[in-house]
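J.: Next comes the structure file work_21.txt, holding compact mmCIF, C-alpha atoms.
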# COMPACT_ATOMS: atom_id res chain seq x y z
CA MET M 1 130.93 80.76 106.89
CA LEU M 2 133.36 83.43 105.95
CA LEU M 3 132.38 87.01 106.00
CA HIS M 4 132.99 88.36 102.54
CA ARG M 5 132.41 92.03 102.20
CA SER M 6 132.17 93.45 98.74
CA LEU M 7 134.47 96.30 97.83
CA LYS M 8 131.50 98.61 97.49
CA THR M 9 130.26 98.11 101.06
CA THR M 10 133.81 98.25 102.24
CA THR M 11 134.45 101.55 100.56
CA ALA M 12 131.22 102.98 101.85
CA ALA M 13 132.12 101.89 105.37
CA ALA M 14 135.59 103.38 105.11
CA ALA M 15 134.21 106.61 103.70
CA ALA M 16 131.67 106.73 106.52
CA ALA M 17 134.51 106.29 109.01
CA LEU M 18 136.34 109.22 107.44
CA ILE M 19 133.28 111.42 107.56
CA LEU M 20 132.93 110.61 111.25
CA ALA M 21 136.59 111.35 111.84
CA THR M 22 136.85 114.64 110.00
CA GLY M 23 133.36 115.92 109.36
CA THR M 24 134.01 116.22 105.63
CA VAL M 25 133.74 113.85 102.73
CA LEU M 26 137.26 113.15 101.51
CA ALA M 27 136.47 111.16 98.43
CA ASP M 28 135.24 111.55 94.89
CA PRO M 29 136.25 114.26 92.44
CA VAL M 30 135.84 117.87 93.62
CA THR M 31 132.57 119.40 92.50
CA ASP M 32 132.94 123.04 93.53
CA ASP M 33 135.68 124.20 91.17
CA GLU M 34 136.01 124.86 87.45
CA LEU M 35 139.06 124.84 85.23
CA VAL M 36 139.12 128.21 83.50
CA VAL M 37 142.60 128.99 82.17
CA ASN M 38 143.85 132.60 82.11
CA GLY M 39 140.33 133.69 83.01
CA GLU M 40 139.05 132.86 79.53
CA LEU M 41 139.60 129.29 78.30
CA GLU M 42 137.00 126.98 79.85
CA LEU M 43 138.13 123.37 79.95
CA ALA M 44 135.50 120.80 80.87
CA THR M 45 136.92 118.35 83.43
CA GLU M 46 134.25 115.72 83.01
CA ALA M 47 132.55 114.16 80.04
CA GLU M 48 130.20 111.50 78.84
CA PRO M 49 132.10 108.19 78.50
CA ALA M 50 132.64 106.86 74.98
CA ALA M 51 130.60 103.85 73.88
CA HIS M 52 133.74 101.70 73.57
CA LEU M 53 134.20 101.99 77.36
CA ASP M 54 131.16 99.77 77.77
CA GLY M 55 130.23 101.39 81.06
CA ALA M 56 133.59 100.56 82.70
CA LEU M 57 133.75 104.02 84.32
CA GLY M 58 130.06 104.43 85.02
CA ASP M 59 128.30 107.44 83.55
CA ARG M 60 131.08 110.02 83.92
CA ILE M 61 134.73 110.33 83.05
CA TYR M 62 136.87 112.84 84.94
CA SER M 63 140.13 114.65 84.42
CA GLY M 64 142.85 113.98 87.00
CA TRP M 65 142.64 117.71 87.80
CA ARG M 66 139.42 117.02 89.73
CA PHE M 67 141.28 114.79 92.19
CA ARG M 68 144.08 117.18 93.09
CA ASP M 69 144.18 119.66 95.97
CA THR M 70 143.16 123.31 95.74
CA GLU M 71 146.70 124.71 95.31
CA THR M 72 147.61 122.27 92.55
CA ARG M 73 144.35 122.97 90.72
CA ALA M 74 145.00 126.70 90.95
CA MET M 75 148.45 126.39 89.34
CA GLN M 76 146.87 125.08 86.16
CA LYS M 77 144.45 127.99 85.93
CA ASP M 78 147.08 130.53 84.99
CA ASP M 79 149.83 129.96 82.46
CA PHE M 80 152.10 132.25 84.47
CA ASP M 81 151.75 130.00 87.51
CA ASN M 82 152.04 126.79 85.51
CA PRO M 83 155.69 125.67 85.68
CA MET M 84 155.31 123.75 82.42
CA PHE M 85 155.35 126.97 80.42
CA LEU M 86 159.09 127.23 80.93
CA PHE M 87 159.37 124.00 78.96
CA VAL M 88 156.73 125.01 76.43
CA ASP M 89 158.81 128.11 75.68
CA ALA M 90 161.93 126.00 75.21
CA GLY M 91 159.95 123.75 72.86
CA LEU M 92 158.71 126.71 70.82
CA GLU M 93 162.27 127.94 70.48
CA ALA M 94 163.42 124.50 69.32
CA TRP M 95 160.59 124.51 66.76
CA ASP M 96 162.25 127.45 65.02
CA THR M 97 165.84 126.25 65.37
CA ALA M 98 167.61 124.66 62.40
CA GLU M 99 169.45 121.45 63.24
CA GLY M 100 171.07 118.42 61.65
CA THR M 101 172.82 117.84 58.31
CA GLU M 102 169.92 119.33 56.36
CA GLY M 103 170.10 122.60 58.30
CA LYS M 104 166.33 122.69 58.70
CA SER M 105 164.00 123.57 61.55
CA CYS M 106 160.53 122.13 62.20
CA ALA M 107 159.11 125.50 61.07
CA ASP M 108 160.90 125.23 57.71
CA CYS M 109 158.62 122.33 56.75
CA HIS M 110 155.56 122.82 58.98
CA GLY M 111 155.26 126.60 59.24
CA ALA M 112 153.57 128.05 62.27
CA ILE M 113 153.10 125.52 65.08
CA GLU M 114 149.73 127.10 65.95
CA ASP M 115 148.32 126.06 62.58
CA SER M 116 150.10 122.89 61.56
CA MET M 117 150.04 121.13 64.94
CA LYS M 118 146.51 122.05 65.99
CA GLY M 119 144.50 118.95 66.84
CA LEU M 120 147.40 116.50 66.54
CA ARG M 121 147.72 115.71 70.27
CA ALA M 122 144.01 114.86 70.49
CA SER M 123 144.31 112.16 67.83
CA LEU M 124 147.41 110.31 69.08
CA PRO M 125 148.63 107.64 69.16
CA LYS M 126 147.60 106.55 65.69
CA VAL M 127 148.45 104.02 63.00
CA THR M 128 150.79 105.19 60.23
CA ASP M 129 150.69 104.34 56.51
CA LYS M 130 153.14 101.55 57.26
CA GLY M 131 150.73 100.02 59.75
CA GLU M 132 152.74 100.95 62.85
CA LEU M 133 151.23 102.49 65.97
CA TRP M 134 153.04 105.77 66.65
CA SER M 135 153.01 108.15 69.59
CA LEU M 136 153.84 111.85 69.30
CA GLU M 137 157.44 111.09 70.24
CA ASN M 138 157.77 108.75 67.23
CA PHE M 139 156.60 111.47 64.85
CA VAL M 140 159.02 113.99 66.32
CA ASN M 141 161.99 111.64 66.03
CA ASP M 142 161.01 110.56 62.53
CA CYS M 143 161.24 114.18 61.37
CA ARG M 144 164.53 114.67 63.15
CA GLU M 145 166.15 111.58 61.69
CA THR M 146 164.75 111.34 58.16
CA ARG M 147 164.07 115.01 57.29
CA MET M 148 166.53 117.03 59.37
CA GLY M 149 169.42 114.60 59.53
CA ALA M 150 169.50 115.19 63.27
CA GLU M 151 169.86 112.73 66.13
CA ALA M 152 166.77 111.22 67.68
CA TRP M 153 165.89 112.52 71.12
CA GLY M 154 165.48 110.14 74.05
CA TRP M 155 161.81 109.34 74.74
CA ASN M 156 161.97 110.96 78.17
CA SER M 157 164.65 113.54 77.38
CA GLN M 158 164.12 117.16 78.36
CA GLN M 159 164.14 118.25 74.68
CA MET M 160 161.46 115.71 73.81
CA LYS M 161 159.23 116.82 76.69
CA ASN M 162 159.71 120.47 75.72
CA MET M 163 158.62 119.69 72.16
CA THR M 164 155.66 117.43 73.04
CA ALA M 165 154.45 120.08 75.51
CA ALA M 166 154.67 122.83 72.85
CA ILE M 167 152.90 120.66 70.28
CA GLY M 168 150.30 119.39 72.76
CA LEU M 169 149.40 122.93 73.80
CA GLN M 170 148.16 123.60 70.27
CA SER M 171 145.29 121.15 70.93
CA ARG M 172 144.38 122.50 74.35
CA GLY M 173 140.59 122.49 74.69
CA MET M 174 139.99 120.07 71.83
CA PRO M 175 138.35 116.78 72.84
CA VAL M 176 140.49 113.64 72.85
CA ASP M 177 139.46 111.70 69.77
CA VAL M 178 141.64 108.68 69.02
CA ALA M 179 140.73 106.05 66.43
CA VAL M 180 140.05 102.69 68.07
CA ASP M 181 138.65 100.85 65.05
CA GLY M 182 140.00 99.81 61.64
CA PRO M 183 143.78 99.33 61.65
CA ALA M 184 143.93 100.61 65.27
CA ALA M 185 141.64 97.86 66.58
CA PRO M 186 144.24 95.11 67.20
CA PHE M 187 146.53 97.57 69.03
CA TRP M 188 143.63 98.85 71.09
CA GLU M 189 142.65 95.29 72.06
CA LYS M 190 146.18 94.57 73.24
CA GLY M 191 146.27 97.78 75.25
CA LYS M 192 142.97 96.89 76.82
CA GLU M 193 144.24 93.47 77.81
CA MET M 194 147.25 95.08 79.46
CA TYR M 195 145.04 97.50 81.35
CA TYR M 196 143.30 94.60 83.07
CA THR M 197 146.40 92.44 83.63
CA ARG M 198 147.50 92.12 87.24
CA PHE M 199 151.21 92.82 87.03
CA GLY M 200 153.97 92.38 89.54
CA GLN M 201 154.34 90.83 92.94
CA LEU M 202 151.47 92.92 94.26
CA GLU M 203 149.25 91.56 91.45
CA MET M 204 147.61 94.87 90.58
CA SER M 205 146.15 96.02 87.29
CA CYS M 206 145.65 99.60 86.16
CA ALA M 207 141.93 98.94 86.61
CA ASN M 208 142.36 97.92 90.26
CA CYS M 209 143.47 101.45 91.10
CA HIS M 210 141.99 103.68 88.39
CA GLU M 211 138.67 101.94 87.67
CA ASP M 212 137.68 100.11 90.86
CA ASN M 213 139.07 102.67 93.29
CA TYR M 214 139.17 106.15 91.77
CA GLY M 215 137.96 108.60 94.38
CA ASN M 216 139.47 106.50 97.16
CA TYR M 217 142.70 107.20 98.97
CA ILE M 218 145.74 104.96 98.77
CA ARG M 219 147.57 106.42 101.76
CA SER M 220 147.68 110.15 100.98
CA ASP M 221 147.17 109.74 97.23
CA HIS M 222 143.69 110.52 95.95
CA LEU M 223 143.21 108.03 93.13
CA SER M 224 142.03 109.49 89.84
CA GLN M 225 140.86 107.66 86.72
CA GLY M 226 144.44 107.78 85.43
CA GLN M 227 143.56 109.87 82.36
CA ILE M 228 146.33 111.09 80.06
CA ASN M 229 144.69 114.16 78.51
CA GLY M 230 147.06 116.54 80.35
CA PHE M 231 150.45 115.09 79.36
CA PRO M 232 153.26 115.93 79.34
CA LEU M 233 152.49 117.53 82.69
CA TYR M 234 154.35 119.11 85.57
CA ARG M 235 154.57 116.81 88.56
CA LEU M 236 155.23 118.70 91.79
CA LYS M 237 156.59 115.55 93.46
CA ASP M 238 159.28 115.22 90.78
CA GLN M 239 159.70 118.98 90.33
CA GLY M 240 159.70 118.49 86.59
CA PRO M 241 157.81 117.43 83.49
CA VAL M 242 156.60 113.84 83.17
CA SER M 243 155.74 112.01 79.94
CA ILE M 244 152.90 109.53 79.52
CA HIS M 245 155.19 106.50 79.34
CA GLN M 246 157.20 107.75 82.30
CA ARG M 247 154.01 107.73 84.36
CA PHE M 248 153.20 104.20 83.14
CA VAL M 249 156.68 103.06 84.18
CA GLY M 250 156.09 104.47 87.67
CA CYS M 251 152.71 102.82 88.06
CA VAL M 252 153.96 99.37 86.95
CA ARG M 253 157.02 99.70 89.18
CA ASP M 254 154.69 100.39 92.11
CA THR M 255 153.13 96.97 91.65
CA ARG M 256 156.61 95.51 92.33
CA GLY M 257 156.55 94.61 88.66
CA GLU M 258 159.10 94.52 85.85
CA THR M 259 158.23 97.60 83.82
CA PHE M 260 158.14 97.97 80.07
CA GLN M 261 160.44 100.51 78.43
CA ALA M 262 159.26 104.02 77.59
CA GLY M 263 158.53 103.96 73.86
CA SER M 264 158.00 100.19 73.74
CA GLN M 265 155.33 98.64 71.55
CA GLU M 266 153.49 97.56 74.72
CA PHE M 267 153.36 101.06 76.18
CA ARG M 268 152.23 102.59 72.87
CA GLU M 269 149.35 100.10 72.80
CA LEU M 270 148.55 100.87 76.42
CA GLU M 271 148.72 104.59 75.59
CA LEU M 272 146.16 104.15 72.81
CA TYR M 273 143.80 102.30 75.11
CA VAL M 274 144.20 104.73 78.02
CA ALA M 275 143.77 107.69 75.65
CA SER M 276 140.52 106.13 74.44
CA ARG M 277 139.24 105.92 78.01
CA GLY M 278 139.47 109.71 78.07
CA ALA M 279 137.80 110.26 74.70
CA GLY M 280 135.67 113.40 74.99
CA LEU M 281 137.75 115.09 77.69
CA PRO M 282 139.50 118.21 76.39
CA VAL M 283 143.27 118.11 75.97
CA GLU M 284 144.72 119.92 79.04
CA THR M 285 148.35 119.87 77.99
CA PRO M 286 150.33 121.06 79.84
CA ALA M 287 148.65 120.07 83.12
CA VAL M 288 149.91 120.29 86.72
CA ARG M 289 149.65 117.38 89.16
CA HIS M 290 151.37 116.37 92.36
CA MET D 1 156.21 66.73 104.50
CA PHE D 2 157.40 70.13 105.54
CA ARG D 3 156.78 69.31 109.21
CA MET D 4 159.09 66.35 109.02
CA ALA D 5 161.79 68.47 107.49
CA ALA D 6 161.43 71.15 110.11
CA ILE D 7 161.45 68.64 112.93
CA GLY D 8 164.50 67.04 111.43
CA ILE D 9 166.32 70.31 111.41
CA LEU D 10 165.29 71.06 114.97
CA ALA D 11 166.39 67.60 116.06
CA ILE D 12 169.95 68.04 114.94
CA GLY D 13 169.96 71.19 116.99
CA THR D 14 171.45 73.51 114.42
CA ALA D 15 168.24 75.36 113.70
CA THR D 16 168.39 79.09 113.61
CA GLY D 17 165.02 80.81 113.55
CA ALA D 18 165.28 81.18 109.81
CA LEU D 19 165.84 77.52 109.14
CA ALA D 20 162.79 76.48 111.13
CA GLU D 21 160.55 78.76 109.10
CA VAL D 22 157.93 77.44 106.75
CA ALA D 23 158.88 78.54 103.24
CA PRO D 24 156.08 80.11 101.13
CA ASP D 25 155.90 77.05 98.89
CA ASP D 26 155.67 74.62 101.83
CA ILE D 27 152.61 76.11 103.49
CA LEU D 28 149.80 73.70 104.39
CA TRP D 29 146.65 75.47 103.24
CA GLN D 30 143.19 74.60 104.54
CA GLU D 31 140.43 74.57 102.00
CA ASP D 32 138.95 77.85 103.26
CA GLY D 33 142.22 79.73 102.77
CA SER D 34 143.37 79.52 106.37
CA ILE D 35 146.71 78.31 107.73
CA ALA D 36 146.71 76.51 111.08
CA GLN D 37 150.42 76.32 111.83
CA SER D 38 152.61 79.20 112.82
CA LEU D 39 155.14 80.12 110.13
CA THR D 40 157.91 80.36 112.72
CA GLY D 41 156.87 78.25 115.69
CA THR D 42 157.35 81.32 117.87
CA PRO D 43 154.61 83.78 118.90
CA GLY D 44 154.95 87.14 117.15
CA SER D 45 155.33 90.56 118.75
CA ALA D 46 152.27 92.81 118.44
CA GLU D 47 154.43 95.89 118.92
CA GLU D 48 156.70 94.92 116.03
CA GLY D 49 153.57 94.05 114.04
CA GLU D 50 152.27 97.58 114.43
CA ARG D 51 155.55 98.91 113.02
CA VAL D 52 155.35 96.54 110.03
CA MET D 53 151.76 97.59 109.33
CA THR D 54 152.56 101.29 109.26
CA THR D 55 155.91 101.22 107.43
CA ASN D 56 155.70 101.93 103.68
CA ALA D 57 158.50 99.58 102.72
CA LEU D 58 157.04 96.72 104.81
CA GLY D 59 153.37 95.74 105.16
CA ASN D 60 152.02 99.24 104.47
CA CYS D 61 148.56 98.01 105.50
CA VAL D 62 147.49 101.59 106.24
CA ALA D 63 147.92 102.41 102.53
CA CYS D 64 144.60 100.68 101.93
CA HIS D 65 143.04 99.99 105.34
CA THR D 66 141.69 102.44 107.87
CA ILE D 67 142.79 101.25 111.30
CA ALA D 68 140.92 103.04 114.09
CA THR D 69 143.24 101.64 116.77
CA MET D 70 146.13 103.66 115.28
CA PRO D 71 144.69 107.17 115.49
CA ASP D 72 148.15 108.78 115.30
CA VAL D 73 148.93 107.36 111.87
CA PRO D 74 148.04 110.06 109.30
CA PHE D 75 146.54 109.54 105.82
CA GLN D 76 145.06 106.09 106.26
CA GLY D 77 143.71 104.53 103.07
CA THR D 78 140.02 104.17 102.21
CA ILE D 79 140.28 101.21 99.88
CA ALA D 80 139.92 98.28 102.26
CA PRO D 81 137.83 97.40 105.35
CA GLU D 82 138.41 98.99 108.77
CA LEU D 83 140.50 96.47 110.68
CA ALA D 84 139.07 97.16 114.15
CA GLY D 85 137.38 94.01 115.38
CA ALA D 86 139.20 91.76 112.90
CA ALA D 87 139.97 89.16 115.59
CA GLY D 88 136.25 88.96 116.36
CA ARG D 89 135.41 88.27 112.71
CA TRP D 90 138.17 85.81 111.92
CA THR D 91 140.12 83.03 113.65
CA GLU D 92 143.88 83.24 114.00
CA ALA D 93 144.29 80.62 111.26
CA GLN D 94 142.04 82.60 108.92
CA LEU D 95 143.90 85.84 109.55
CA ARG D 96 147.24 84.11 108.90
CA GLY D 97 145.83 82.90 105.58
CA ILE D 98 144.60 86.39 104.65
CA LEU D 99 148.04 87.82 105.37
CA VAL D 100 149.97 85.18 103.45
CA ASP D 101 147.73 85.23 100.35
CA ALA D 102 144.38 86.99 100.67
CA LYS D 103 143.25 85.64 97.30
CA ARG D 104 142.73 82.20 98.86
CA THR D 105 140.06 83.75 101.11
CA PHE D 106 138.76 86.49 98.80
CA PRO D 107 139.08 85.43 95.17
CA ASP D 108 140.22 88.35 92.96
CA SER D 109 141.05 90.43 96.02
CA PHE D 110 143.00 93.66 95.60
CA MET D 111 145.02 92.78 98.71
CA PRO D 112 148.59 91.66 97.88
CA GLY D 113 149.92 88.37 99.23
CA MET D 114 152.42 89.26 101.94
CA TYR D 115 154.20 85.90 102.03
CA LYS D 116 153.95 84.72 98.48
CA VAL D 117 156.63 84.17 95.83
CA GLY D 118 154.53 83.42 92.77
CA PRO D 119 153.39 82.68 90.22
CA PHE D 120 153.27 86.36 89.22
CA ILE D 121 153.02 88.17 85.87
CA ARG D 122 156.25 90.12 85.28
CA PRO D 123 157.43 90.31 88.88
CA GLY D 124 160.18 92.82 89.53
CA VAL D 125 162.81 92.99 92.25
CA ALA D 126 161.08 94.98 95.00
CA TYR D 127 160.33 98.50 93.67
CA THR D 128 163.22 98.73 91.20
CA GLY D 129 161.10 97.97 88.11
CA ALA D 130 163.81 95.49 87.06
CA ALA D 131 163.32 91.81 86.29
CA PRO D 132 164.90 89.30 88.67
CA ALA D 133 168.04 87.56 87.43
CA SER D 134 166.53 84.29 88.66
CA PRO D 135 163.06 83.48 90.04
CA ASP D 136 164.69 82.91 93.43
CA ASP D 137 165.42 86.64 93.59
CA ILE D 138 161.74 87.29 94.32
CA GLU D 139 161.50 87.70 98.09
CA PRO D 140 158.12 87.71 99.80
CA VAL D 141 156.93 91.20 100.84
CA LEU D 142 157.20 90.20 104.51
CA THR D 143 159.33 87.61 106.29
CA ALA D 144 157.67 84.72 108.14
CA ALA D 145 158.48 86.43 111.44
CA GLN D 146 156.93 89.71 110.27
CA VAL D 147 153.73 87.88 109.27
CA GLU D 148 153.52 86.38 112.76
CA ASP D 149 154.19 89.84 114.28
CA VAL D 150 151.34 91.42 112.27
CA LEU D 151 149.14 88.48 113.21
CA ALA D 152 149.90 89.09 116.89
CA TYR D 153 148.74 92.70 116.46
CA LEU D 154 145.58 91.68 114.57
CA MET D 155 144.72 89.23 117.39
CA THR D 156 144.56 92.22 119.78
CA LEU D 157 141.74 93.71 117.63
CA THR D 158 138.95 91.96 119.48
CA GLU D 159 136.46 94.81 119.28
Using the file provided, produce a representation of the structure as structure tokens.

T.:
Amino acid sequence: MLLHRSLKTTTAAAAAALILATGTVLADPVTDDELVVNGELELATEAEPAAHLDGALGDRIYSGWRFRDTETRAMQKDDFDNPMFLFVDAGLEAWDTAEGTEGKSCADCHGAIEDSMKGLRASLPKVTDKGELWSLENFVNDCRETRMGAEAWGWNSQQMKNMTAAIGLQSRGMPVDVAVDGPAAPFWEKGKEMYYTRFGQLEMSCANCHEDNYGNYIRSDHLSQGQINGFPLYRLKDQGPVSIHQRFVGCVRDTRGETFQAGSQEFRELELYVASRGAGLPVETPAVRH
Amino acid sequence: MFRMAAIGILAIGTATGALAEVAPDDILWQEDGSIAQSLTGTPGSAEEGERVMTTNALGNCVACHTIATMPDVPFQGTIAPELAGAAGRWTEAQLRGILVDAKRTFPDSFMPGMYKVGPFIRPGVAYTGAAPASPDDIEPVLTAAQVEDVLAYLMTLTE
């Protein structure tokens, strides 16, 4: 007879070993801290899971902020300490700058970013009139190409991250609320299938790390639920801003897998599904992680 | 089949260690997911095994497992069972099978196969994120000798 230990017992045993070794519990999201930005904006870092999650994440969903160390959490509490605001400022400047053959800026059509872009981040990605699933980056480039006569920005270019950070900020505090039904349903289903597919030579799915093992440590990394409500965010390890698809590329690469391209149909579908796993969490853009 | 081939190679006396190795596709699996024969025909080195287990680019076992017998290795993972006592729980053949492809012992296991070349869904070349030019470009995570080295270390974990 083989001894087959379930992951649950295993994890409990490992956690017990850690408690013995260090005297503290080094797992699970932190419970003794709150995300209050600039001393006034309270951002909930946990929420009730949406019905479409079907209990996959138990009875609580958590922001990635809850899995980071004290210093990293502190950086996101003050916009002066948050390195992303450098890029937000650059994005706000670009918003007002005329470009392209039409000589127009974003502001010329949309007016103040605070009004016209409020709530957008929380609802993306979404299906357009033409039946395509678009991320924020698609909308930005569509305006640049068809309305400004300007060149499209690269998905992961600095300019694009500046702009998506500036636009995303306008939804900070609003709960993620993406449509998963109607025309979005087939895209959402595909994204869900991807989430549970074991990619690469290491045969790991997103769920293996972010559903089965959040709260556990993979070497020194404290695994979170892999939520995207804080993107684009500042990653201390990369000393720069990171987009949603850039993070997906990194995670698939770490399975010794062939990644999909940033901006690909596959990653937009995955983005929709992952966004829906965080439905109810407030937008944190621009977050800080390590 | 494989055995004959290996013996044949040995007989003509040109065998380097590499040629005498059992290739991932030629492994003789037991029904319970164990592998009786050595992958190299040579006993592994426990010392080298310890290095493989703690090196990120190699076995990286400590990414997931806590290993009490390596107290100096920082940041051990909390995903997989403590390995202390593994040799008391499993035979050598069973441990070899777990290393080569843990899914034959634990269906749906999170543990990657260390000496496996497929089939995989969208395998990439190591950690480059790029597709292989040909399926032969997919190398197992560990070499046959490294598997035997890790096995030698695991066999020291008797309590």

J.: Compute the chain D side of the contact with chain M at 6 Å, counting all atoms listed in the file, and hand it back as a PyMOL selection string.

T.: chain D and resi 63-64+75-79+81+112+120-124+126-127+129-131

J.: Neighbouring residues of D:Ala57 were defined as those with any atom within 10 Å, considering all atoms listed in the file; residues of the same chain fewer than 3 positions away were excluded. Please report them as a VMD selection string.

T.: chain D and resid 52 to 54 60 126 to 127 141 to 142

J.: What's around stretch 71-81 of chain M at 10 Å? Count only C-alpha atoms, leave out sequence neighbours fewer than 6 positions away in its own chain, and write the answer as an mmCIF file with C-alpha atoms, in the coordinates of the input.

T.:
data_model
loop_
_atom_site.group_PDB
_atom_site.id
_atom_site.type_symbol
_atom_site.label_atom_id
_atom_site.label_comp_id
_atom_site.auth_asym_id
_atom_site.auth_seq_id
_atom_site.Cartn_x
_atom_site.Cartn_y
_atom_site.Cartn_z
ATOM 1 C CA ASP M 33 135.680 124.200 91.170
ATOM 2 C CA GLU M 34 136.010 124.860 87.450
ATOM 3 C CA LEU M 35 139.060 124.840 85.230
ATOM 4 C CA VAL M 36 139.120 128.210 83.500
ATOM 5 C CA VAL M 37 142.600 128.990 82.170
ATOM 6 C CA ASN M 38 143.850 132.600 82.110
ATOM 7 C CA GLY M 39 140.330 133.690 83.010
ATOM 8 C CA GLU M 40 139.050 132.860 79.530
ATOM 9 C CA LEU M 41 139.600 129.290 78.300
ATOM 10 C CA GLU M 42 137.000 126.980 79.850
ATOM 11 C CA LEU M 43 138.130 123.370 79.950
ATOM 12 C CA GLY M 64 142.850 113.980 87.000
ATOM 13 C CA TRP M 65 142.640 117.710 87.800
ATOM 14 C CA TYR M 234 154.350 119.110 85.570
ATOM 15 C CA ARG M 235 154.570 116.810 88.560
ATOM 16 C CA LEU M 236 155.230 118.700 91.790
ATOM 17 C CA GLU M 284 144.720 119.920 79.040
ATOM 18 C CA THR M 285 148.350 119.870 77.990
ATOM 19 C CA PRO M 286 150.330 121.060 79.840
ATOM 20 C CA ALA M 287 148.650 120.070 83.120
ATOM 21 C CA VAL M 288 149.910 120.290 86.720
ATOM 22 C CA ARG M 289 149.650 117.380 89.160
ATOM 23 C CA HIS M 290 151.370 116.370 92.360
#

J.: With 10 Å as the threshold, what does the neighbourhood of (140.1, 111.7, 74.3) contain in terms of residues, counting all atoms listed in the file? Coordinates are those of the file; answer as a VMD selection string.

T.: chain M and resid 47 49 to 50 121 to 124 174 to 179 227 to 229 272 274 to 283

J.: Of the candidates M:Ala152, M:Ala107, M:Val127, M:Val140, which shows the shortest atom-to-atom distance to M:Asp181, using all atoms listed in the file?

T.: M:Val127

J.: What does the structure give for the distance between atom CA of M:Tyr273 and atom CA of M:Phe139, in Å to one decimal?

T.: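 Computing it gives 18.8 Å between the two atoms.
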
J.: Which residues, written as a list in words, have at least one atom at most 10 Å from D:Lys103, with all atoms listed in the file counted and residues fewer than 6 positions away on the same chain left out?

T.: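 That gives Gly33, Gly97, Ser109, Phe110, Met111, Pro112 and Gly113 of chain D.
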
J.: Report the distance between atom CA of M:Ala98 and atom CA of M:Thr164 in Å, rounded to one decimal place.

T.: 17.6 Å

J.: Could you work out how far atom CA of M:Glu48 lies from atom CA of M:Ile61, giving the answer in Å with one decimal?

T.: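 Between these atoms lies a distance of 6.3 Å.
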
J.: At a cut-off of 12 Å, using only C-alpha atoms, what residues contact D:Gly85? Leave out same-chain residues fewer than 3 positions from it and give the result as a ChimeraX atom specification.

T.: /D:67-69,81-82,88-91,95,153-159

J.: Using all atoms listed in the file and a cutoff of 12 Å, can you tell me which residues are near (157.8, 117.2, 85.9) in the file's coordinates, and write them out as number ranges by chain?

T.: M: 82-87, 156-158, 161-162, 165, 231-244, 246-247, 286-290

J.: Contacts of D:Leu28 at 12 Å or less, counting only C-alpha atoms, minus same-chain residues fewer than 2 places along, as number ranges by chain?

T.: D: 1-3, 22-26, 30-39, 93, 96-97, 100

J.: Mind writing stretch 136-144 of chain D to a file for me, with N, CA, C and O atoms, as a PDB file, in the first residue's frame?

T.:
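Listed below is the output, decode_16.pdb:
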ATOM      1  N   ASP D 136      12.422  17.197 -29.943  1.00  0.00           N
ATOM      2  CA  ASP D 136      13.656  16.685 -29.332  1.00  0.00           C
ATOM      3  C   ASP D 136      14.386  17.744 -28.523  1.00  0.00           C
ATOM      4  O   ASP D 136      15.299  17.423 -27.761  1.00  0.00           O
ATOM      5  N   ASP D 137      14.015  19.012 -28.718  1.00  0.00           N
ATOM      6  CA  ASP D 137      14.685  20.079 -27.969  1.00  0.00           C
ATOM      7  C   ASP D 137      14.233  20.122 -26.512  1.00  0.00           C
ATOM      8  O   ASP D 137      14.785  20.885 -25.725  1.00  0.00           O
ATOM      9  N   ILE D 138      13.210  19.346 -26.158  1.00  0.00           N
ATOM     10  CA  ILE D 138      12.765  19.327 -24.767  1.00  0.00           C
ATOM     11  C   ILE D 138      13.636  18.361 -23.977  1.00  0.00           C
ATOM     12  O   ILE D 138      13.567  17.140 -24.147  1.00  0.00           O
ATOM     13  N   GLU D 139      14.482  18.911 -23.132  1.00  0.00           N
ATOM     14  CA  GLU D 139      15.357  18.113 -22.272  1.00  0.00           C
ATOM     15  C   GLU D 139      14.645  17.862 -20.959  1.00  0.00           C
ATOM     16  O   GLU D 139      13.940  18.732 -20.467  1.00  0.00           O
ATOM     17  N   PRO D 140      14.863  16.683 -20.354  1.00  0.00           N
ATOM     18  CA  PRO D 140      14.286  16.492 -19.023  1.00  0.00           C
ATOM     19  C   PRO D 140      14.880  17.505 -18.037  1.00  0.00           C
ATOM     20  O   PRO D 140      15.974  18.035 -18.272  1.00  0.00           O
ATOM     21  N   VAL D 141      14.130  17.805 -16.960  1.00  0.00           N
ATOM     22  CA  VAL D 141      14.602  18.787 -15.980  1.00  0.00           C
ATOM     23  C   VAL D 141      15.952  18.348 -15.406  1.00  0.00           C
ATOM     24  O   VAL D 141      16.873  19.149 -15.264  1.00  0.00           O
ATOM     25  N   LEU D 142      16.063  17.066 -15.078  1.00  0.00           N
ATOM     26  CA  LEU D 142      17.323  16.525 -14.550  1.00  0.00           C
ATOM     27  C   LEU D 142      17.873  15.458 -15.494  1.00  0.00           C
ATOM     28  O   LEU D 142      17.123  14.818 -16.223  1.00  0.00           O
ATOM     29  N   THR D 143      19.186  15.246 -15.450  1.00  0.00           N
ATOM     30  CA  THR D 143      19.774  14.138 -16.205  1.00  0.00           C
ATOM     31  C   THR D 143      19.557  12.846 -15.416  1.00  0.00           C
ATOM     32  O   THR D 143      19.227  12.877 -14.221  1.00  0.00           O
ATOM     33  N   ALA D 144      19.776  11.722 -16.084  1.00  0.00           N
ATOM     34  CA  ALA D 144      19.648  10.419 -15.417  1.00  0.00           C
ATOM     35  C   ALA D 144      20.588  10.366 -14.204  1.00  0.00           C
ATOM     36  O   ALA D 144      20.192   9.915 -13.121  1.00  0.00           O
TER      37      ALA D 144
END
